[in-house]
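Coordinates from structure00.cif are shown below (mmCIF, C-alpha atoms).
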data_model
#
loop_
_atom_site.group_PDB
_atom_site.id
_atom_site.type_symbol
_atom_site.label_atom_id
_atom_site.label_comp_id
_atom_site.auth_asym_id
_atom_site.auth_seq_id
_atom_site.Cartn_x
_atom_site.Cartn_y
_atom_site.Cartn_z
ATOM 1 C CA MET A 490 127.500 -95.495 110.310
ATOM 2 C CA GLU A 491 126.933 -98.061 113.055
ATOM 3 C CA LEU A 492 128.012 -101.711 113.062
ATOM 4 C CA LYS A 493 124.430 -102.899 112.467
ATOM 5 C CA GLU A 494 124.282 -100.909 109.249
ATOM 6 C CA TYR A 495 127.551 -102.400 108.024
ATOM 7 C CA LEU A 496 126.265 -105.895 108.768
ATOM 8 C CA LYS A 497 123.016 -105.103 107.007
ATOM 9 C CA ILE A 498 124.933 -104.094 103.850
ATOM 10 C CA VAL A 499 126.960 -107.320 103.954
ATOM 11 C CA LYS A 500 123.825 -109.410 104.467
ATOM 12 C CA LYS A 501 122.158 -107.744 101.503
ATOM 13 C CA HIS A 502 125.095 -108.682 99.229
ATOM 14 C CA LEU A 503 126.090 -111.902 101.008
ATOM 15 C CA ILE A 504 125.980 -113.988 97.825
ATOM 16 C CA LEU A 505 128.492 -111.677 96.131
ATOM 17 C CA VAL A 506 130.851 -111.851 99.122
ATOM 18 C CA ILE A 507 130.675 -115.662 99.290
ATOM 19 C CA ALA A 508 131.152 -115.942 95.523
ATOM 20 C CA LEU A 509 134.323 -113.830 95.594
ATOM 21 C CA ILE A 510 135.696 -115.764 98.587
ATOM 22 C CA LEU A 511 135.159 -119.100 96.836
ATOM 23 C CA LEU A 512 136.383 -117.798 93.483
ATOM 24 C CA ILE A 513 139.678 -116.331 94.688
ATOM 25 C CA GLY A 514 140.270 -119.074 97.268
ATOM 26 C CA GLY A 515 139.607 -121.749 94.641
ATOM 27 C CA ALA A 516 141.905 -120.011 92.160
ATOM 28 C CA ALA A 517 144.679 -119.914 94.765
ATOM 29 C CA PHE A 518 144.146 -123.620 95.521
ATOM 30 C CA LEU A 519 144.255 -124.645 91.851
ATOM 31 C CA PHE A 520 147.271 -122.444 91.123
ATOM 32 C CA SER A 521 149.218 -123.976 94.031
ATOM 33 C CA TYR A 522 148.057 -127.514 93.230
ATOM 34 C CA PHE A 523 149.248 -127.413 89.622
ATOM 35 C CA GLN A 524 152.378 -125.372 90.331
ATOM 36 C CA PRO A 525 155.423 -127.573 89.611
ATOM 37 C CA ASN A 526 158.008 -128.238 92.287
ATOM 38 C CA THR A 527 161.236 -126.274 92.140
ATOM 39 C CA TYR A 528 164.748 -126.951 93.408
ATOM 40 C CA GLU A 529 166.420 -124.392 95.617
ATOM 41 C CA ALA A 530 170.212 -124.507 95.796
ATOM 42 C CA SER A 531 172.614 -122.870 98.221
ATOM 43 C CA VAL A 532 176.388 -122.411 97.961
ATOM 44 C CA SER A 533 178.509 -120.695 100.611
ATOM 45 C CA PHE A 534 181.901 -119.095 100.030
ATOM 46 C CA ALA A 535 184.533 -118.300 102.656
ATOM 47 C CA VAL A 536 186.986 -115.661 101.433
ATOM 48 C CA ASN A 537 190.317 -116.433 103.128
ATOM 49 C CA ARG A 538 193.748 -114.878 102.912
ATOM 50 C CA ILE A 539 196.468 -117.283 101.783
ATOM 51 C CA ASN A 540 200.194 -117.250 101.032
ATOM 52 C CA THR A 541 200.953 -114.848 103.874
ATOM 53 C CA LYS A 542 204.594 -114.087 104.595
ATOM 54 C CA GLU A 543 205.822 -113.935 108.145
ATOM 55 C CA THR A 544 207.635 -110.771 109.253
ATOM 56 C CA GLN A 545 209.121 -109.659 112.552
ATOM 57 C CA ASP A 546 207.193 -106.409 112.471
ATOM 58 C CA TYR A 547 203.816 -106.201 114.164
ATOM 59 C CA GLN A 548 201.543 -104.570 111.598
ATOM 60 C CA PHE A 549 198.014 -105.447 112.751
ATOM 61 C CA ASP A 550 198.116 -108.106 110.066
ATOM 62 C CA GLY A 551 194.975 -109.894 111.289
ATOM 63 C CA TYR A 552 192.904 -106.719 111.212
ATOM 64 C CA TYR A 553 194.050 -105.718 107.742
ATOM 65 C CA ALA A 554 193.520 -109.262 106.463
ATOM 66 C CA ILE A 555 189.858 -109.098 107.524
ATOM 67 C CA GLN A 556 189.460 -105.674 105.924
ATOM 68 C CA ALA A 557 190.978 -106.919 102.701
ATOM 69 C CA SER A 558 188.786 -110.037 102.762
ATOM 70 C CA ASP A 559 185.748 -107.817 103.184
ATOM 71 C CA LEU A 560 186.632 -105.883 100.011
ATOM 72 C CA VAL A 561 187.118 -109.116 98.072
ATOM 73 C CA SER A 562 183.788 -110.419 99.406
ATOM 74 C CA GLN A 563 181.999 -107.276 98.233
ATOM 75 C CA THR A 564 183.490 -107.767 94.791
ATOM 76 C CA VAL A 565 182.303 -111.387 94.708
ATOM 77 C CA VAL A 566 178.777 -110.322 95.701
ATOM 78 C CA SER A 567 178.726 -107.714 92.928
ATOM 79 C CA TRP A 568 179.618 -110.354 90.320
ATOM 80 C CA PHE A 569 176.268 -112.088 90.816
ATOM 81 C CA SER A 570 174.497 -108.917 89.651
ATOM 82 C CA THR A 571 176.746 -108.562 86.598
ATOM 83 C CA PRO A 572 175.182 -109.945 83.387
ATOM 84 C CA SER A 573 178.489 -111.108 81.908
ATOM 85 C CA VAL A 574 179.393 -113.131 85.010
ATOM 86 C CA VAL A 575 175.911 -114.649 85.349
ATOM 87 C CA LEU A 576 175.968 -115.586 81.661
ATOM 88 C CA GLU A 577 179.423 -117.133 82.089
ATOM 89 C CA ILE A 578 178.116 -119.317 84.929
ATOM 90 C CA TYR A 579 175.182 -120.557 82.860
ATOM 91 C CA GLU A 580 177.397 -121.206 79.839
ATOM 92 C CA LYS A 581 179.780 -123.184 82.054
ATOM 93 C CA ALA A 582 176.782 -125.271 83.192
ATOM 94 C CA ASN A 583 175.666 -125.736 79.544
ATOM 95 C CA ILE A 584 172.296 -124.124 80.335
ATOM 96 C CA SER A 585 170.639 -121.372 78.341
ATOM 97 C CA PRO A 586 169.285 -118.686 80.720
ATOM 98 C CA GLN A 587 165.788 -117.352 80.138
ATOM 99 C CA TYR A 588 165.681 -113.548 80.164
ATOM 100 C CA ASN A 589 163.947 -110.638 78.466
ATOM 101 C CA SER A 590 166.240 -107.805 79.545
ATOM 102 C CA LEU A 591 169.664 -107.195 81.045
ATOM 103 C CA GLU A 592 168.063 -106.193 84.354
ATOM 104 C CA GLU A 593 166.752 -109.738 84.823
ATOM 105 C CA PHE A 594 170.299 -111.088 85.216
ATOM 106 C CA ALA A 595 170.465 -109.406 88.627
ATOM 107 C CA THR A 596 167.542 -111.578 89.819
ATOM 108 C CA PHE A 597 169.006 -114.982 88.910
ATOM 109 C CA PHE A 598 170.985 -115.258 92.159
ATOM 110 C CA ASN A 599 170.098 -114.149 95.676
ATOM 111 C CA THR A 600 173.407 -113.250 97.294
ATOM 112 C CA LYS A 601 173.996 -112.205 100.880
ATOM 113 C CA LYS A 602 177.208 -111.350 102.735
ATOM 114 C CA TYR A 603 176.836 -112.450 106.363
ATOM 115 C CA SER A 604 180.277 -111.285 107.459
ATOM 116 C CA ALA A 605 183.534 -109.967 106.039
ATOM 117 C CA GLN A 606 184.434 -113.451 104.824
ATOM 118 C CA ASN A 607 181.152 -115.396 104.573
ATOM 119 C CA ILE A 608 178.968 -115.217 101.442
ATOM 120 C CA ASN A 609 175.868 -117.262 100.698
ATOM 121 C CA VAL A 610 174.408 -117.660 97.214
ATOM 122 C CA LYS A 611 170.908 -119.022 96.560
ATOM 123 C CA PHE A 612 169.016 -119.691 93.349
ATOM 124 C CA LYS A 613 166.110 -121.769 92.039
ATOM 125 C CA GLU A 614 165.806 -124.109 89.071
ATOM 126 C CA LYS A 615 163.107 -126.359 87.665
ATOM 127 C CA THR A 616 165.133 -129.600 87.884
ATOM 128 C CA GLN A 617 167.651 -131.003 90.328
ATOM 129 C CA GLU A 618 170.146 -131.641 87.537
ATOM 130 C CA LYS A 619 170.115 -128.004 86.442
ATOM 131 C CA ALA A 620 170.477 -126.815 90.029
ATOM 132 C CA GLU A 621 173.480 -129.082 90.627
ATOM 133 C CA ASN A 622 175.129 -128.086 87.335
ATOM 134 C CA ILE A 623 174.728 -124.368 88.033
ATOM 135 C CA ALA A 624 176.052 -124.807 91.580
ATOM 136 C CA ALA A 625 179.168 -126.569 90.267
ATOM 137 C CA ALA A 626 179.633 -123.925 87.566
ATOM 138 C CA THR A 627 179.228 -121.157 90.136
ATOM 139 C CA ILE A 628 182.021 -122.578 92.283
ATOM 140 C CA GLU A 629 184.324 -123.004 89.285
ATOM 141 C CA VAL A 630 183.733 -119.524 87.848
ATOM 142 C CA ILE A 631 184.004 -117.686 91.172
ATOM 143 C CA ASN A 632 187.177 -119.532 92.170
ATOM 144 C CA ALA A 633 188.793 -118.654 88.844
ATOM 145 C CA LYS A 634 187.812 -114.998 89.092
ATOM 146 C CA VAL A 635 189.040 -114.631 92.667
ATOM 147 C CA LYS A 636 192.407 -116.130 91.708
ATOM 148 C CA ALA A 637 192.687 -113.758 88.761
ATOM 149 C CA LEU A 638 191.577 -110.789 90.873
ATOM 150 C CA ASN A 639 194.438 -110.758 93.350
ATOM 151 C CA LYS A 640 198.044 -111.564 92.648
ATOM 152 C CA SER A 641 201.194 -110.747 94.579
ATOM 153 C CA SER A 642 204.423 -109.594 92.991
ATOM 154 C CA ASP A 643 205.571 -113.210 92.635
ATOM 155 C CA SER A 644 202.255 -114.218 90.985
ATOM 156 C CA ASP A 645 200.896 -115.995 94.075
ATOM 157 C CA SER A 646 197.216 -115.520 94.901
ATOM 158 C CA LEU A 647 196.565 -113.567 98.073
ATOM 159 C CA PHE A 648 192.973 -114.746 98.625
ATOM 160 C CA GLU A 649 190.841 -117.753 97.855
ATOM 161 C CA ALA A 650 187.079 -118.297 97.794
ATOM 162 C CA GLN A 651 186.628 -121.639 99.522
ATOM 163 C CA ALA A 652 183.229 -123.059 98.573
ATOM 164 C CA SER A 653 181.096 -125.387 100.649
ATOM 165 C CA SER A 654 179.353 -128.420 99.229
ATOM 166 C CA PRO A 655 176.201 -127.264 97.396
ATOM 167 C CA VAL A 656 172.885 -127.969 99.106
ATOM 168 C CA VAL A 657 169.930 -128.661 96.793
ATOM 169 C CA VAL A 658 166.435 -128.940 98.282
ATOM 170 C CA GLU A 659 163.162 -129.705 96.529
ATOM 171 C CA THR A 660 160.492 -127.140 97.401
ATOM 172 C CA THR A 661 156.741 -127.516 96.944
ATOM 173 C CA PRO A 662 154.092 -124.763 96.996
ATOM 174 C CA ASN A 663 152.356 -124.392 100.364
ATOM 175 C CA LEU A 664 148.905 -125.498 99.193
ATOM 176 C CA TRP A 665 146.858 -124.751 102.311
ATOM 177 C CA LEU A 666 148.607 -121.514 103.228
ATOM 178 C CA ASN A 667 148.100 -120.140 99.710
ATOM 179 C CA THR A 668 144.450 -121.224 99.803
ATOM 180 C CA ILE A 669 143.858 -119.490 103.144
ATOM 181 C CA ILE A 670 145.510 -116.331 101.817
ATOM 182 C CA GLY A 671 143.247 -116.538 98.765
ATOM 183 C CA LEU A 672 140.159 -116.863 100.961
ATOM 184 C CA VAL A 673 141.187 -113.859 103.063
ATOM 185 C CA VAL A 674 141.888 -111.789 99.950
ATOM 186 C CA GLY A 675 138.491 -112.831 98.568
ATOM 187 C CA LEU A 676 136.783 -111.756 101.798
ATOM 188 C CA ILE A 677 138.510 -108.366 101.825
ATOM 189 C CA LEU A 678 137.766 -107.775 98.147
ATOM 190 C CA GLY A 679 134.151 -108.889 98.618
ATOM 191 C CA LEU A 680 133.588 -106.489 101.533
ATOM 192 C CA PHE A 681 135.213 -103.651 99.622
ATOM 193 C CA LEU A 682 132.988 -104.220 96.590
ATOM 194 C CA VAL A 683 129.719 -104.468 98.507
ATOM 195 C CA TYR A 684 130.437 -101.259 100.422
ATOM 196 C CA LEU A 685 131.464 -99.585 97.169
ATOM 197 C CA VAL A 686 128.253 -100.707 95.449
ATOM 198 C CA ASP A 687 126.164 -99.553 98.398
ATOM 199 C CA TYR A 688 127.906 -96.180 98.400
ATOM 200 C CA PHE A 689 127.173 -95.505 94.724
ATOM 201 C CA LYS A 690 123.554 -96.610 95.162
ATOM 202 C CA SER A 691 123.190 -94.189 98.059
ATOM 203 C CA GLU A 692 124.661 -91.380 95.964
ATOM 204 C CA GLU A 693 122.230 -92.153 93.128
ATOM 205 C CA LYS A 694 119.281 -91.950 95.521
ATOM 206 C CA LYS A 695 120.512 -88.585 96.801
ATOM 207 C CA GLU A 696 120.691 -87.226 93.252
ATOM 208 C CA ILE A 697 117.171 -88.445 92.476
ATOM 209 C CA TYR A 698 115.718 -86.783 95.560
#

structure tokens encoding of this file:
Amino acid sequence: MELKEYLKIVKKHLILVIALILLIGGAAFLFSYFQPNTYEASVSFAVNRINTKETQDYQFDGYYAIQASDLVSQTVVSWFSTPSVVLEIYEKANISPQYNSLEEFATFFNTKKYSAQNINVKFKEKTQEKAENIAAATIEVINAKVKALNKSSDSDSLFEAQASSPVVVETTPNLWLNTIIGLVVGLILGLFLVYLVDYFKSEEKKEIY
């Protein structure tokens, strides 16, 4: 089929294409316009070795300290996918989490380990107060768990999770970008439907003749 034939099909069903473009683009605009603002929070943790004891023997202590910090960091990251830990954080913040299954707890926090010692935790809440309370609770719970996780023979902690000051940013839906995406989706869907309709009509004519 040549380009002229494709254009002829579109022209024949132009009203349908325009209607779908306006319908989906308008829906995307209205959805973005009435979507409430959210608050995105970020907390970073630096897992550091503490209470080291000096010895005269050279034992690649720096290398092993980084390796050990990496293992502790992996454990910290895994906590944010553990329902009991996530629930503990929300209870500490005096907030009731909204969930329908245990699997949803793993989606509350977006955690990423950038290096052996650097962890960043992000999450979203509907109000700034909730975001700040959860950030503070996160720092308190993680610090307590890291201290309980590693102890030396004389009960001194070997590692600490040093938290940065939480950053809370108000985010708004990208109105025009979402609208443009809606218009493009409407165009693609409109073209697909008109070609589909034309195809079935052609098949019907073939059966008749």

Legend entry - the PyMOL selection byres ((chain A and resi 624) around 9) resolved against shown file, as a ChimeraX atom specification: /A:530-532,578,582,612,619-623,625-629,655-657

Inset, instruction - Name every residue that the PyMOL selection byres ((chain A and resi 687) around 12) selects in this structure, writing the answer as a PyMOL selection string with chains first and numbers rising. - result: chain A and resi 494-495+497-502+680-686+688-694

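Between A:Lys611 and the candidates A:Phe523, A:Phe569, A:Phe594, A:Phe518, the tightest atom-to-atom separation, counting all atoms listed in the file, involves A:Phe569.
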
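Look at A:Ala516: the protein and nucleic acid residues within 10 Å of it, using all atoms listed in the file and passing over chain neighbours fewer than 4 places away, are Ile510, Leu511, Leu512, Phe520, Ser521, Tyr522, Asn667, Thr668, Gly671 and Leu672 of chain A.
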
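Evaluated on this file, the PyMOL selection byres ((chain A and resi 607) around 12) matches Val532, Ser533, Phe534, Ala535, Val536, Asn537, Ile555, Ser558, Asp559, Leu560, Val561, Ser562, Gln563, Val565, Val566, Thr600, Lys601, Lys602, Tyr603, Ser604, Ala605, Gln606, Ile608, Asn609, Val610, Ala650, Gln651, Ala652 and Ser653 of chain A.
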
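Once A:Arg538 and its same-chain neighbours fewer than 3 positions away are set aside, A:Ala554, A:Ser558, A:Leu647, A:Phe648, A:Glu649 remain within 7 Å of it when counting all atoms listed in the file.
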
Output the selection as a PDB file, keeping the file's coordinate frame - C-alpha atoms for each residue.
ATOM      1  CA  ALA A 554     193.520-109.262 106.463  1.00  0.00           C
ATOM      2  CA  SER A 558     188.786-110.037 102.762  1.00  0.00           C
ATOM      3  CA  LEU A 647     196.565-113.567  98.073  1.00  0.00           C
ATOM      4  CA  PHE A 648     192.973-114.746  98.625  1.00  0.00           C
ATOM      5  CA  GLU A 649     190.841-117.753  97.855  1.00  0.00           C
TER       6      GLU A 649
END

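Distance annotation: of A:Leu496, A:Leu666, A:Ala633, A:Leu591, the residue with the minimal separation from A:Ala517 is A:Leu666; atom set is only C-alpha atoms.
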
Inset, instruction - Compare A:Ala557, A:Ile670, A:Val658, A:Val630 by their minimum atom-to-atom distance to A:Lys613, counting all atoms listed in the file, and give me the closest one. - result: A:Val658

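Between atom CA of A:Leu678 and atom CA of A:Leu509 there is a distance of 7.4 Å.
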
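Proximity to A:Thr616 was assessed for A:Thr527, A:Gly514, A:Ser654, A:Ile631 counting all atoms listed in the file; the smallest distance is recorded for A:Thr527.
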
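For the pair atom CA of A:Ile513 and atom CA of A:Asn663, the interatomic distance is 16.1 Å.
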
Once 3 Å is added on each side, what centre and edge lengths in Å to one decimal does the axis-aligned box around all listed atoms of stretch 505-517 of chain A have, as lines of an AutoDock Vina configuration file?
center_x = 136.6
center_y = -116.7
center_z = 95.7
size_x = 22.2
size_y = 16.1
size_z = 13.1

Inset, instruction - Rounded to one decimal place, report the atom CA of A:Glu529-atom CA of A:Thr596 distance in Å. - result: 14.1 Å

Legend entry - Pick from A:Gln556, A:Lys581, A:Val635, A:Leu503, whichever lies nearest to A:Trp568 using all atoms listed in the file: A:Val635
